[in-house]
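A.B. asks: Sharing entry-v7.tsv, TSV, C-alpha atoms:
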chain	number	residue	atom	x	y	z
A	171	MET	CA	34.55	-17.81	19.28
A	172	VAL	CA	35.48	-21.03	17.38
A	173	GLU	CA	36.48	-20.27	13.81
A	174	ASP	CA	34.98	-22.26	10.94
A	175	ARG	CA	37.98	-22.63	8.65
A	176	ARG	CA	36.39	-25.26	6.40
A	177	GLY	CA	33.32	-23.11	5.82
A	178	TRP	CA	35.56	-20.11	5.14
A	179	ARG	CA	37.52	-22.04	2.50
A	180	LEU	CA	34.29	-23.15	0.82
A	181	VAL	CA	33.08	-19.54	0.67
A	182	LEU	CA	36.35	-18.43	-0.90
A	183	PHE	CA	36.23	-21.27	-3.45
A	184	GLY	CA	32.63	-20.51	-4.37
A	185	THR	CA	33.43	-16.81	-4.61
A	186	LEU	CA	36.26	-17.55	-7.05
A	187	ILE	CA	34.11	-19.76	-9.29
A	188	SER	CA	31.18	-17.35	-9.48
A	189	SER	CA	33.38	-14.28	-9.88
A	190	ILE	CA	35.04	-15.69	-12.98
A	191	GLY	CA	31.58	-15.95	-14.51
A	192	SER	CA	30.65	-12.47	-13.31
A	193	GLY	CA	33.85	-11.07	-14.82
A	194	LEU	CA	32.73	-12.27	-18.23
A	195	THR	CA	29.67	-10.01	-18.15
A	196	LEU	CA	30.35	-7.27	-15.58
A	197	PRO	CA	31.43	-4.49	-17.99
A	198	PHE	CA	29.02	-5.32	-20.76
A	199	LEU	CA	25.36	-5.07	-19.72
A	200	VAL	CA	24.78	-1.57	-21.12
A	201	VAL	CA	26.89	-2.43	-24.20
A	202	TYR	CA	24.93	-5.67	-24.66
A	203	LEU	CA	21.55	-3.97	-24.45
A	204	HIS	CA	22.59	-1.01	-26.63
A	205	SER	CA	24.84	-2.52	-29.29
A	206	ILE	CA	23.54	-6.11	-29.49
A	207	ARG	CA	19.84	-5.75	-28.62
A	208	HIS	CA	19.63	-2.26	-30.21
A	209	MET	CA	18.12	-0.37	-27.29
A	210	SER	CA	18.93	3.31	-26.77
A	211	LEU	CA	21.35	4.36	-24.03
A	212	PRO	CA	18.62	5.97	-21.87
A	213	VAL	CA	16.47	2.83	-22.19
A	214	ALA	CA	19.44	0.61	-21.35
A	215	GLY	CA	20.11	2.75	-18.30
A	216	LEU	CA	16.52	2.38	-17.12
A	217	ILE	CA	16.68	-1.39	-17.60
A	218	VAL	CA	19.84	-1.63	-15.49
A	219	ALA	CA	18.06	0.44	-12.84
A	220	ALA	CA	15.42	-2.31	-12.56
A	221	SER	CA	17.98	-4.32	-10.64
A	222	GLY	CA	18.23	-1.59	-8.05
A	223	VAL	CA	14.45	-1.17	-7.80
A	224	THR	CA	13.91	-4.82	-6.88
A	225	GLY	CA	16.96	-4.65	-4.62
A	226	LEU	CA	15.32	-1.82	-2.70
A	227	ALA	CA	12.07	-3.75	-2.49
A	228	THR	CA	13.51	-7.08	-1.36
A	229	GLY	CA	16.74	-6.18	0.44
A	230	THR	CA	15.20	-5.23	3.78
A	231	MET	CA	12.85	-8.22	3.67
A	232	GLY	CA	15.89	-10.40	3.09
A	233	GLY	CA	17.55	-8.96	6.19
A	234	SER	CA	14.56	-9.86	8.36
A	235	LEU	CA	14.42	-13.33	6.83
A	236	GLY	CA	18.16	-13.85	7.31
A	237	ASP	CA	17.92	-13.06	11.03
A	238	ARG	CA	15.12	-15.62	11.32
A	239	ILE	CA	16.24	-18.56	9.15
A	240	GLY	CA	20.01	-18.03	8.90
A	241	VAL	CA	22.17	-16.17	6.40
A	242	GLY	CA	23.41	-19.40	4.78
A	243	ARG	CA	19.91	-20.40	3.73
A	244	LEU	CA	19.29	-16.87	2.49
A	245	LEU	CA	22.53	-16.95	0.47
A	246	PHE	CA	21.57	-20.28	-1.12
A	247	GLY	CA	18.22	-18.91	-2.29
A	248	GLY	CA	19.71	-15.67	-3.60
A	249	LEU	CA	22.34	-17.49	-5.65
A	250	LEU	CA	19.73	-19.74	-7.27
A	251	ILE	CA	17.58	-16.77	-8.28
A	252	SER	CA	20.54	-14.80	-9.64
A	253	GLY	CA	21.95	-17.75	-11.56
A	254	LEU	CA	18.71	-18.67	-13.31
A	255	ALA	CA	17.94	-15.03	-14.17
A	256	THR	CA	21.43	-14.47	-15.62
A	257	ILE	CA	20.97	-17.50	-17.88
A	258	ALA	CA	17.65	-16.03	-19.04
A	259	LEU	CA	19.37	-12.71	-19.85
A	260	ALA	CA	21.08	-14.39	-22.80
A	261	GLY	CA	17.70	-14.75	-24.51
A	262	VAL	CA	16.15	-11.30	-24.02
A	263	HIS	CA	15.30	-9.28	-27.14
A	264	THR	CA	12.84	-6.64	-25.97
A	265	PRO	CA	13.07	-3.94	-23.29
A	266	TRP	CA	10.23	-5.47	-21.28
A	267	SER	CA	11.77	-8.94	-21.17
A	268	ALA	CA	15.09	-7.38	-20.20
A	269	VAL	CA	13.44	-5.43	-17.37
A	270	VAL	CA	11.89	-8.59	-15.91
A	271	VAL	CA	15.12	-10.59	-16.06
A	272	VAL	CA	17.34	-7.80	-14.72
A	273	ALA	CA	14.82	-7.22	-11.91
A	274	CYS	CA	15.11	-10.89	-10.93
A	275	ILE	CA	18.91	-10.60	-10.92
A	276	GLY	CA	18.59	-7.62	-8.60
A	277	MET	CA	16.30	-9.61	-6.32
A	278	GLY	CA	18.86	-12.39	-5.98
A	279	GLU	CA	21.82	-10.07	-5.50
A	280	SER	CA	19.99	-7.97	-2.92
A	281	VAL	CA	20.12	-10.91	-0.51
A	282	THR	CA	23.33	-12.57	-1.73
A	283	TRP	CA	25.83	-9.83	-0.86
A	284	PRO	CA	24.60	-9.00	2.67
A	285	ALA	CA	24.30	-12.70	3.43
A	286	LEU	CA	27.91	-13.25	2.39
A	287	ASN	CA	29.09	-10.35	4.55
A	288	ALA	CA	27.16	-11.63	7.56
A	289	LEU	CA	28.37	-15.20	7.04
A	290	VAL	CA	31.99	-14.13	7.49
A	291	VAL	CA	31.16	-13.19	11.10
A	292	SER	CA	30.44	-16.84	11.94
A	293	GLN	CA	33.65	-18.02	10.26
A	294	ARG	CA	36.33	-15.59	11.45
A	295	ALA	CA	37.21	-14.11	14.84
A	296	SER	CA	36.54	-10.40	15.29
A	297	GLN	CA	40.20	-9.38	15.14
A	298	ASP	CA	40.59	-11.15	11.78
A	299	ARG	CA	37.47	-9.85	10.04
A	300	SER	CA	38.90	-6.78	8.30
A	301	ARG	CA	41.61	-8.98	6.81
A	302	ALA	CA	39.02	-11.63	5.94
A	303	TYR	CA	36.88	-9.13	4.03
A	304	ALA	CA	40.02	-7.96	2.22
A	305	VAL	CA	40.98	-11.54	1.32
A	306	ARG	CA	37.51	-12.31	0.00
A	307	PHE	CA	37.52	-9.05	-1.95
A	308	GLY	CA	40.90	-10.00	-3.44
A	309	VAL	CA	39.65	-13.46	-4.43
A	310	LEU	CA	36.51	-11.89	-5.90
A	311	ASN	CA	38.51	-9.49	-8.02
A	312	GLY	CA	41.00	-12.15	-9.08
A	313	GLY	CA	38.09	-14.08	-10.56
A	314	LEU	CA	36.59	-10.95	-12.09
A	315	GLY	CA	39.92	-10.16	-13.74
A	316	VAL	CA	40.23	-13.64	-15.25
A	317	GLY	CA	36.68	-13.41	-16.54
A	318	ALA	CA	37.21	-9.93	-17.98
A	319	LEU	CA	40.33	-11.06	-19.86
A	320	ILE	CA	38.46	-14.04	-21.31
A	321	ALA	CA	35.51	-11.85	-22.29
A	322	GLY	CA	37.76	-9.27	-23.90
A	323	SER	CA	39.25	-11.96	-26.13
A	324	VAL	CA	36.01	-13.66	-27.20
A	325	VAL	CA	33.20	-11.09	-27.36
A	326	SER	CA	32.58	-9.11	-30.52
A	327	LEU	CA	29.99	-6.48	-31.40
A	328	HIS	CA	29.59	-8.32	-34.72
A	329	ARG	CA	28.79	-11.69	-33.09
A	330	PRO	CA	25.72	-11.52	-30.81
A	331	VAL	CA	26.18	-15.18	-29.92
A	332	SER	CA	29.42	-14.29	-28.14
A	333	PHE	CA	27.49	-12.12	-25.70
A	334	GLU	CA	24.81	-14.77	-25.24
A	335	ALA	CA	27.50	-17.33	-24.40
A	336	ILE	CA	29.09	-15.28	-21.63
A	337	TYR	CA	25.74	-14.74	-19.91
A	338	LEU	CA	25.07	-18.48	-20.00
A	339	VAL	CA	28.43	-19.24	-18.43
A	340	ASP	CA	27.96	-16.49	-15.83
A	341	GLY	CA	24.62	-17.94	-14.76
A	342	LEU	CA	25.99	-21.47	-14.53
A	343	SER	CA	28.92	-20.34	-12.36
A	344	THR	CA	26.47	-18.67	-9.95
A	345	LEU	CA	24.45	-21.89	-9.72
A	346	VAL	CA	27.65	-23.80	-8.92
A	347	PHE	CA	28.30	-21.41	-6.01
A	348	GLY	CA	24.72	-22.03	-4.89
A	349	MET	CA	25.34	-25.79	-4.81
A	350	ILE	CA	28.54	-25.26	-2.80
A	351	VAL	CA	26.57	-23.26	-0.22
A	352	GLY	CA	23.52	-25.56	-0.17
A	353	ILE	CA	25.54	-28.78	0.19
A	354	GLY	CA	28.87	-27.77	1.71
A	355	LEU	CA	27.66	-25.23	4.27
A	356	ARG	CA	24.38	-26.87	5.27
A	357	HIS	CA	25.75	-28.02	8.64
A	358	ARG	CA	28.28	-25.22	9.16
A	359	PRO	CA	27.92	-22.26	11.57
A	360	GLY	CA	25.83	-19.41	10.19
A	361	TYR	CA	23.80	-21.50	7.76
A	362	ARG	CA	20.86	-21.47	10.16
A	363	ALA	CA	19.74	-18.65	12.43
A	364	TYR	CA	22.05	-17.40	15.17
A	365	GLN	CA	19.26	-17.64	17.75
A	366	ALA	CA	16.58	-20.21	18.32
A	367	GLN	CA	13.91	-18.35	16.39
A	368	SER	CA	11.18	-19.46	14.05
A	369	LEU	CA	8.98	-17.74	11.56
A	370	ASP	CA	6.12	-18.14	14.02
A	371	SER	CA	7.91	-16.34	16.85
A	372	PRO	CA	9.92	-13.51	15.31
A	373	THR	CA	12.03	-11.13	17.36
A	374	LYS	CA	10.25	-8.01	18.58
A	375	GLU	CA	13.20	-5.95	17.50
A	376	GLY	CA	13.44	-4.96	13.87
A	377	TYR	CA	14.48	-2.16	11.55
A	378	ARG	CA	13.17	0.46	13.98
A	379	VAL	CA	16.05	-0.38	16.30
A	380	VAL	CA	18.55	-0.35	13.43
A	381	LEU	CA	17.39	3.05	12.19
A	382	MET	CA	17.80	4.51	15.67
A	383	ASP	CA	21.56	3.88	15.44
A	384	ARG	CA	22.79	7.34	14.35
A	385	ARG	CA	26.33	6.03	13.78
A	386	PHE	CA	25.02	3.50	11.28
A	387	LEU	CA	22.82	6.07	9.56
A	388	ALA	CA	25.84	8.34	9.09
A	389	TRP	CA	27.71	5.45	7.50
A	390	LEU	CA	24.77	4.77	5.15
A	391	ILE	CA	24.90	8.37	3.89
A	392	ALA	CA	28.60	8.09	3.11
A	393	LEU	CA	28.10	4.69	1.49
A	394	ALA	CA	25.31	6.05	-0.72
A	395	LEU	CA	27.66	8.69	-2.12
A	396	PHE	CA	30.43	6.16	-2.75
A	397	VAL	CA	28.05	3.78	-4.53
A	398	PHE	CA	26.41	6.44	-6.69
A	399	SER	CA	29.69	8.08	-7.75
A	400	GLY	CA	31.66	4.85	-8.01
A	401	TYR	CA	30.29	1.35	-8.40
A	402	ALA	CA	26.95	2.35	-9.94
A	403	MET	CA	28.85	4.18	-12.68
A	404	VAL	CA	31.92	2.04	-13.31
A	405	ASP	CA	30.28	-1.26	-14.28
A	406	GLY	CA	28.05	-0.13	-17.14
A	407	ALA	CA	28.45	3.59	-17.74
A	408	TRP	CA	32.25	3.46	-17.96
A	409	ALA	CA	32.07	0.74	-20.62
A	410	ALA	CA	29.40	2.68	-22.53
A	411	TYR	CA	31.52	5.86	-22.39
A	412	ALA	CA	34.55	3.90	-23.62
A	413	THR	CA	32.83	2.13	-26.53
A	414	VAL	CA	30.16	4.65	-27.59
A	415	ILE	CA	31.70	8.04	-26.80
A	416	VAL	CA	35.43	7.54	-27.39
A	417	HIS	CA	35.02	4.46	-29.65
A	418	ALA	CA	37.32	2.09	-27.79
A	419	SER	CA	37.03	-1.62	-28.60
A	420	PRO	CA	35.43	-4.26	-26.35
A	421	GLN	CA	38.94	-5.67	-25.94
A	422	ILE	CA	40.05	-2.43	-24.25
A	423	VAL	CA	37.04	-2.70	-21.93
A	424	GLY	CA	38.08	-6.24	-21.01
A	425	ILE	CA	41.71	-5.21	-20.47
A	426	GLY	CA	40.63	-2.23	-18.37
A	427	PHE	CA	38.60	-4.37	-16.00
A	428	ALA	CA	41.40	-6.96	-15.88
A	429	VAL	CA	43.82	-4.21	-14.84
A	430	ASN	CA	41.30	-3.02	-12.26
A	431	THR	CA	41.02	-6.44	-10.68
A	432	GLY	CA	44.76	-7.09	-11.05
A	433	VAL	CA	45.56	-3.96	-9.05
A	434	ILE	CA	43.15	-5.11	-6.35
A	435	VAL	CA	44.51	-8.67	-6.16
A	436	ILE	CA	48.15	-7.54	-6.05
A	437	SER	CA	47.72	-4.66	-3.63
A	438	GLN	CA	44.76	-5.53	-1.38
A	439	LEU	CA	46.58	-7.29	1.46
A	440	GLY	CA	49.52	-4.90	1.19
A	441	VAL	CA	47.17	-1.94	1.53
A	442	VAL	CA	45.47	-3.56	4.55
A	443	HIS	CA	48.90	-4.03	6.17
A	444	ALA	CA	50.12	-0.53	5.31
A	445	THR	CA	46.97	1.14	6.61
A	446	ARG	CA	46.48	-1.02	9.73
A	447	ARG	CA	47.05	2.00	12.00
A	448	TRP	CA	44.94	4.37	9.92
A	449	ARG	CA	41.53	5.46	10.96
A	450	ARG	CA	38.81	3.96	8.82
A	451	THR	CA	37.63	7.51	8.11
A	452	THR	CA	41.09	8.36	6.74
A	453	MET	CA	40.80	5.40	4.39
A	454	LEU	CA	37.40	6.63	3.19
A	455	ALA	CA	38.89	10.05	2.44
A	456	GLY	CA	41.59	8.29	0.40
A	457	VAL	CA	38.92	6.51	-1.62
A	458	GLY	CA	37.38	9.85	-2.55
A	459	VAL	CA	40.72	11.26	-3.69
A	460	LEU	CA	41.68	8.22	-5.77
A	461	TRP	CA	38.28	7.91	-7.42
A	462	SER	CA	38.24	11.60	-8.34
A	463	ILE	CA	41.63	11.14	-10.05
A	464	ALA	CA	40.32	8.04	-11.84
A	465	TRP	CA	37.32	9.88	-13.28
A	466	LEU	CA	39.53	12.76	-14.39
A	467	ALA	CA	41.58	10.21	-16.36
A	468	VAL	CA	38.37	9.05	-18.02
A	469	GLY	CA	37.65	12.63	-19.05
A	470	LEU	CA	41.12	12.96	-20.57
A	471	ALA	CA	40.30	10.11	-22.96
A	472	ASP	CA	37.82	12.36	-24.77
A	473	LEU	CA	40.27	15.16	-25.47
A	474	PRO	CA	40.59	15.99	-29.19
A	475	HIS	CA	43.60	14.91	-31.26
A	476	LEU	CA	44.56	12.05	-28.96
A	477	ALA	CA	45.95	8.94	-30.64
A	478	HIS	CA	44.14	5.64	-30.12
A	479	LEU	CA	46.94	4.38	-27.90
A	480	GLU	CA	46.72	7.46	-25.68
A	481	VAL	CA	42.95	7.05	-25.35
A	482	ASP	CA	43.37	3.39	-24.44
A	483	ILE	CA	46.04	4.19	-21.83
A	484	ALA	CA	43.83	6.85	-20.21
A	485	LEU	CA	40.86	4.48	-20.02
A	486	ILE	CA	42.83	1.51	-18.70
A	487	SER	CA	44.74	3.58	-16.15
A	488	SER	CA	41.48	5.06	-14.85
A	489	LEU	CA	40.26	1.63	-13.81
A	490	GLY	CA	43.63	0.81	-12.26
A	491	ILE	CA	43.43	3.91	-10.07
A	492	PHE	CA	39.80	3.15	-9.29
A	493	GLY	CA	40.84	-0.33	-8.14
A	494	LEU	CA	43.39	1.11	-5.73
A	495	GLY	CA	40.58	3.12	-4.17
A	496	GLU	CA	38.53	-0.06	-3.87
A	497	THR	CA	41.27	-1.68	-1.78
A	498	LEU	CA	40.81	1.10	0.78
A	499	LEU	CA	37.02	0.85	0.75
A	500	SER	CA	36.47	-2.92	0.89
A	501	PRO	CA	37.77	-3.61	4.44
A	502	VAL	CA	35.74	-0.69	5.79
A	503	ALA	CA	32.52	-1.46	3.90
A	504	GLY	CA	32.60	-5.11	4.91
A	505	ALA	CA	33.53	-4.77	8.57
A	506	LEU	CA	31.93	-1.50	9.70
A	507	PRO	CA	28.25	-2.57	9.60
A	508	ASN	CA	29.13	-5.80	11.43
A	509	ASP	CA	31.15	-3.95	14.08
A	510	LEU	CA	28.19	-1.67	14.71
A	511	ALA	CA	25.55	-4.43	14.66
A	512	PRO	CA	24.39	-6.51	17.63
A	513	GLU	CA	24.44	-10.20	16.72
A	514	ARG	CA	20.65	-10.58	16.81
A	515	LEU	CA	20.25	-7.87	14.12
A	516	ARG	CA	23.32	-8.55	12.03
A	517	ALA	CA	21.45	-9.59	8.88
A	518	ARG	CA	19.33	-6.43	9.04
A	519	TYR	CA	22.38	-4.16	9.32
A	520	ASN	CA	23.96	-5.86	6.31
A	521	ALA	CA	20.69	-5.77	4.40
A	522	LEU	CA	20.35	-2.00	4.83
A	523	SER	CA	23.92	-1.54	3.60
A	524	SER	CA	23.04	-3.66	0.58
A	525	THR	CA	19.88	-1.61	0.04
A	526	ILE	CA	22.04	1.48	-0.31
A	527	TRP	CA	23.95	-0.28	-3.09
A	528	ALA	CA	20.62	-1.01	-4.76
A	529	ALA	CA	19.59	2.64	-4.45
A	530	GLY	CA	22.78	3.66	-6.22
A	531	THR	CA	21.99	1.36	-9.13
A	532	VAL	CA	18.51	2.85	-9.35
A	533	LEU	CA	19.80	6.40	-9.70
A	534	GLY	CA	23.18	5.93	-11.37
A	535	PRO	CA	22.54	4.13	-14.69
A	536	PRO	CA	19.54	6.22	-15.86
A	537	ILE	CA	21.35	9.47	-15.07
A	538	ALA	CA	24.46	8.18	-16.83
A	539	GLY	CA	22.41	7.11	-19.85
A	540	VAL	CA	20.82	10.54	-20.22
A	541	LEU	CA	24.11	12.41	-19.81
A	542	LEU	CA	26.03	10.12	-22.16
A	543	ALA	CA	23.32	10.47	-24.80
A	544	SER	CA	23.31	14.27	-24.49
A	545	SER	CA	25.26	16.74	-26.58
A	546	LEU	CA	27.78	17.07	-23.76
A	547	PRO	CA	28.68	13.54	-22.52
A	548	LEU	CA	31.61	15.03	-20.59
A	549	SER	CA	29.00	16.28	-18.09
A	550	TRP	CA	28.83	12.69	-16.82
A	551	VAL	CA	32.55	12.82	-15.99
A	552	VAL	CA	32.07	16.10	-14.12
A	553	LEU	CA	29.20	14.61	-12.09
A	554	VAL	CA	31.04	11.47	-10.97
A	555	THR	CA	34.28	13.34	-10.23
A	556	ALA	CA	32.50	15.85	-7.98
A	557	GLY	CA	30.45	13.06	-6.38
A	558	SER	CA	33.56	11.06	-5.51
A	559	ALA	CA	35.19	14.08	-3.90
A	560	LEU	CA	32.04	14.72	-1.85
A	561	ALA	CA	31.90	11.07	-0.79
A	562	GLY	CA	35.47	11.24	0.49
A	563	PHE	CA	34.70	14.40	2.45
A	564	VAL	CA	31.62	12.88	4.10
A	565	GLY	CA	33.50	9.66	4.84
A	566	PHE	CA	36.31	11.57	6.52
A	567	ASN	CA	33.84	13.40	8.74
A	568	LEU	CA	32.36	10.15	10.06
A	569	ARG	CA	35.08	10.33	12.73
A	570	ARG	CA	32.80	12.79	14.54
A	571	VAL	CA	30.27	10.03	15.30
A	572	LEU	CA	32.20	6.74	15.21
A	573	PRO	CA	33.65	5.50	18.50
A	574	SER	CA	37.44	5.37	18.52
A	575	GLU	CA	37.50	1.57	18.84
A	576	ILE	CA	35.46	1.26	15.64
A	577	ASP	CA	37.16	4.03	13.68
A	578	ARG	CA	40.51	2.43	14.47
A	579	PRO	CA	39.87	-1.13	15.68
A	580	GLY	CA	42.54	-2.55	17.93
A	581	PHE	CA	44.47	0.70	18.47
A	582	SER	CA	43.96	3.31	21.14
A	583	GLU	CA	46.75	5.67	20.17
A	584	THR	CA	46.35	8.37	17.55
A	585	THR	CA	48.94	8.46	14.78
A	586	ASP	CA	47.26	10.23	11.89
How does the structure come out when it is put into structure tokens?

C.D. replies:
Amino acid sequence: MVEDRRGWRLVLFGTLISSIGSGLTLPFLVVYLHSIRHMSLPVAGLIVAASGVTGLATGTMGGSLGDRIGVGRLLFGGLLISGLATIALAGVHTPWSAVVVVACIGMGESVTWPALNALVVSQRASQDRSRAYAVRFGVLNGGLGVGALIAGSVVSLHRPVSFEAIYLVDGLSTLVFGMIVGIGLRHRPGYRAYQAQSLDSPTKEGYRVVLMDRRFLAWLIALALFVFSGYAMVDGAWAAYATVIVHASPQIVGIGFAVNTGVIVISQLGVVHATRRWRRTTMLAGVGVLWSIAWLAVGLADLPHLAHLEVDIALISSLGIFGLGETLLSPVAGALPNDLAPERLRARYNALSSTIWAAGTVLGPPIAGVLLASSLPLSWVVLVTAGSALAGFVGFNLRRVLPSEIDRPGFSETTD
């Protein structure tokens, strides 16, 4: 395979630009809807879930389309939809308008992330892909950290315009990435379909073939648990818990996410190197352990008689520990579906993985909103801690179905 280094560099540059914009808004959607637009926590949770609903509806269709027209074209369209919808989010004032806009964001993201994962396959050789996914994840989190630090210094609960501004900038940065893809990658490998197919003569193989892959289905179950207990809860619910339950400032939220991304940027490649002989299932078990510890630290922040500094340290450290778990998960989550997928169905495999992420955002935010608004908000901490532990257990047991060459790519000997 001939590597596409120029296309790879363009993807990394676009990822950096858009992730800085995303970092401005990532922790704040529930806070924005609740504290700025004055919607209740359960309503805010349901609105956030709209993103997952449309992701479930459009993700699989995006996979079929990507296999037919090319993942680059699909990525270009997804970025345009997400960027325009994010700009519109700055102007929402009612729950219904927020639902529509957030649903459009979910539609764009449901095709953007699997298209990006599939595009890496056309740019990097197979032996370099795990490292490539780790590098892109590090660049992504570097941008998120910069954005979170900027947001923490400029947003204020007393200035609604500060929240409107960060959503405008976020949307514009996504559109810039879209232009990089649409112009810079138009003639690069992966932009068009892998095979000479057209919309008039689609492949006879589809999701039925994908769903018959029991190894992939086992991975989807583990991924669902990781998403529900981790990513679906950390972006919005963690920030709501910090600001509404333990009364931390938006600045602490920004610092916490900056620490999270800083840990990832500093340690990602080192973790990939240190764990190069580990089974992927061992790495998944490590994610479960680290995330359980992170959520326990969140629970400590609500203990009575803690000083403000101690609360802030507990919250910030929780995201740092969570980030370390992410460095173990990212190389596995990016590479495993593509190692299992035949080339002709690669977009569909990635789309189903993305659909699982959407499912987590459907279930996670509403449940978090109800629990955080209850008389016992600590029940949310108990749920996500137990869920993370279960996810690690299921991930570890994937070694029963994964072939050795996929569980530990490139190594035949057993050392763990």

A.B. asks: Which one is closest to Leu199 (chain A): A:Phe396, A:Trp389, A:Trp408, A:Tyr361? Count all atoms listed in the file.

C.D. replies: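 Closest to Leu199 (chain A), using all atoms listed in the file: A:Trp408.
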
A.B. asks: Find, counting all atoms listed in the file, the residue in A:Leu533, A:Ile350, A:Ala556, A:Ile463 that gets nearest to Ala219 (chain A).

C.D. replies: A:Leu533

A.B. asks: Point out the residue among A:Ile491, A:Val551, A:Ala517, A:Ile187 with the least atom-to-atom distance to Ala288 (chain A), counting only C-alpha atoms.

C.D. replies: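 Closest residue, counting only C-alpha atoms: A:Ala517.
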
A.B. asks: To one decimal place, how far is CA of Glu480 (chain A) from CA of Val416 (chain A) in Å?

C.D. replies: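 One can read the CA of Glu480 (chain A) to CA of Val416 (chain A) distance as 11.4 Å.
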
A.B. asks: With only C-alpha atoms as the atoms that count, which of A:Leu390, A:Ala538, A:Ala407, A:Ile206 lies nearest to Ser326 (chain A)?

C.D. replies: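 Looking at the shortest contact to Ser326 (chain A), the residue is A:Ile206.
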
A.B. asks: Measuring atom to atom with all atoms listed in the file, identify which of A:Val571, A:Leu194, A:Val442, A:Val404 is nearest to Arg301 (chain A).

C.D. replies: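 Under the stated criterion, the closest residue is A:Val442.
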
A.B. asks: So how many Å separate CA of Leu327 (chain A) and CA of Ser205 (chain A), to one decimal?

C.D. replies: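 CA of Ser205 (chain A) lies at a distance of 6.8 Å from CA of Leu327 (chain A).
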
A.B. asks: Please identify all polymer residues within 6 Å of Thr555 (chain A), counting all atoms listed in the file, omitting same-chain residues fewer than 3 positions from it, and present them as a CSV table (one decimal) with C-alpha atoms, keeping the file's coordinate frame.

C.D. replies:
chain,number,residue,atom,x,y,z
A,462,SER,CA,38.2,11.6,-8.3
A,465,TRP,CA,37.3,9.9,-13.3
A,552,VAL,CA,32.1,16.1,-14.1
A,558,SER,CA,33.6,11.1,-5.5

A.B. asks: Would you pick out the contacts of region 309-312 of chain A at 6 Å or less, using all atoms listed in the file, so that residues sharing its chain but fewer than 3 positions from it are not included, and give the list as JSON, numbers by chain?

C.D. replies: {"A": [185, 186, 189, 306, 315, 431, 435]}

A.B. asks: Deliver the residues from the most recent selection as a file, using C-alpha atoms, as a PDB file, keeping the file's coordinate frame.

C.D. replies:
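Writing done, so here's part-v7.pdb:
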ATOM      1  CA  THR A 185      33.430 -16.810  -4.610  1.00  0.00           C
ATOM      2  CA  LEU A 186      36.260 -17.550  -7.050  1.00  0.00           C
ATOM      3  CA  SER A 189      33.380 -14.280  -9.880  1.00  0.00           C
ATOM      4  CA  ARG A 306      37.510 -12.310   0.000  1.00  0.00           C
ATOM      5  CA  GLY A 315      39.920 -10.160 -13.740  1.00  0.00           C
ATOM      6  CA  THR A 431      41.020  -6.440 -10.680  1.00  0.00           C
ATOM      7  CA  VAL A 435      44.510  -8.670  -6.160  1.00  0.00           C
TER       8      VAL A 435
END

A.B. asks: Taking 4 positions as the minimum chain separation for residues in the same chain, which residues sit within 7 Å of Ala285 (chain A) when counting all atoms listed in the file? Answer as a VMD selection string.

C.D. replies: chain A and resid 241 to 242 244 to 245 281 289 517

A.B. asks: Residues of the last selection are to be written out with C-alpha atoms, as a PDB file, in the frame of the given file.

C.D. replies:
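That gives us selection-v6.pdb:
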ATOM      1  CA  VAL A 241      22.170 -16.170   6.400  1.00  0.00           C
ATOM      2  CA  GLY A 242      23.410 -19.400   4.780  1.00  0.00           C
ATOM      3  CA  LEU A 244      19.290 -16.870   2.490  1.00  0.00           C
ATOM      4  CA  LEU A 245      22.530 -16.950   0.470  1.00  0.00           C
ATOM      5  CA  VAL A 281      20.120 -10.910  -0.510  1.00  0.00           C
ATOM      6  CA  LEU A 289      28.370 -15.200   7.040  1.00  0.00           C
ATOM      7  CA  ALA A 517      21.450  -9.590   8.880  1.00  0.00           C
TER       8      ALA A 517
END

A.B. asks: Would you give the centre and edge lengths, in Å to one decimal, of a box along x, y and z around the listed atoms of region 468-481 of chain A, with 8 Å added to each side, as JSON?

C.D. replies:
{"center_x": 42.3, "center_y": 10.2, "center_z": -24.6, "size_x": 25.3, "size_y": 27.6, "size_z": 29.2}

A.B. asks: Which residue out of A:Val468, A:Ala321, A:Gly426, A:Ala220 has the minimum interatomic distance to Tyr411 (chain A) when only C-alpha atoms are used?

C.D. replies: A:Val468

A.B. asks: Please, what distance in Å, to one decimal, runs between CA of Asn508 (chain A) and CA of Thr344 (chain A)?

C.D. replies: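 Taking CA of Asn508 (chain A) as the start and CA of Thr344 (chain A) as the end point, the length is 25.1 Å.
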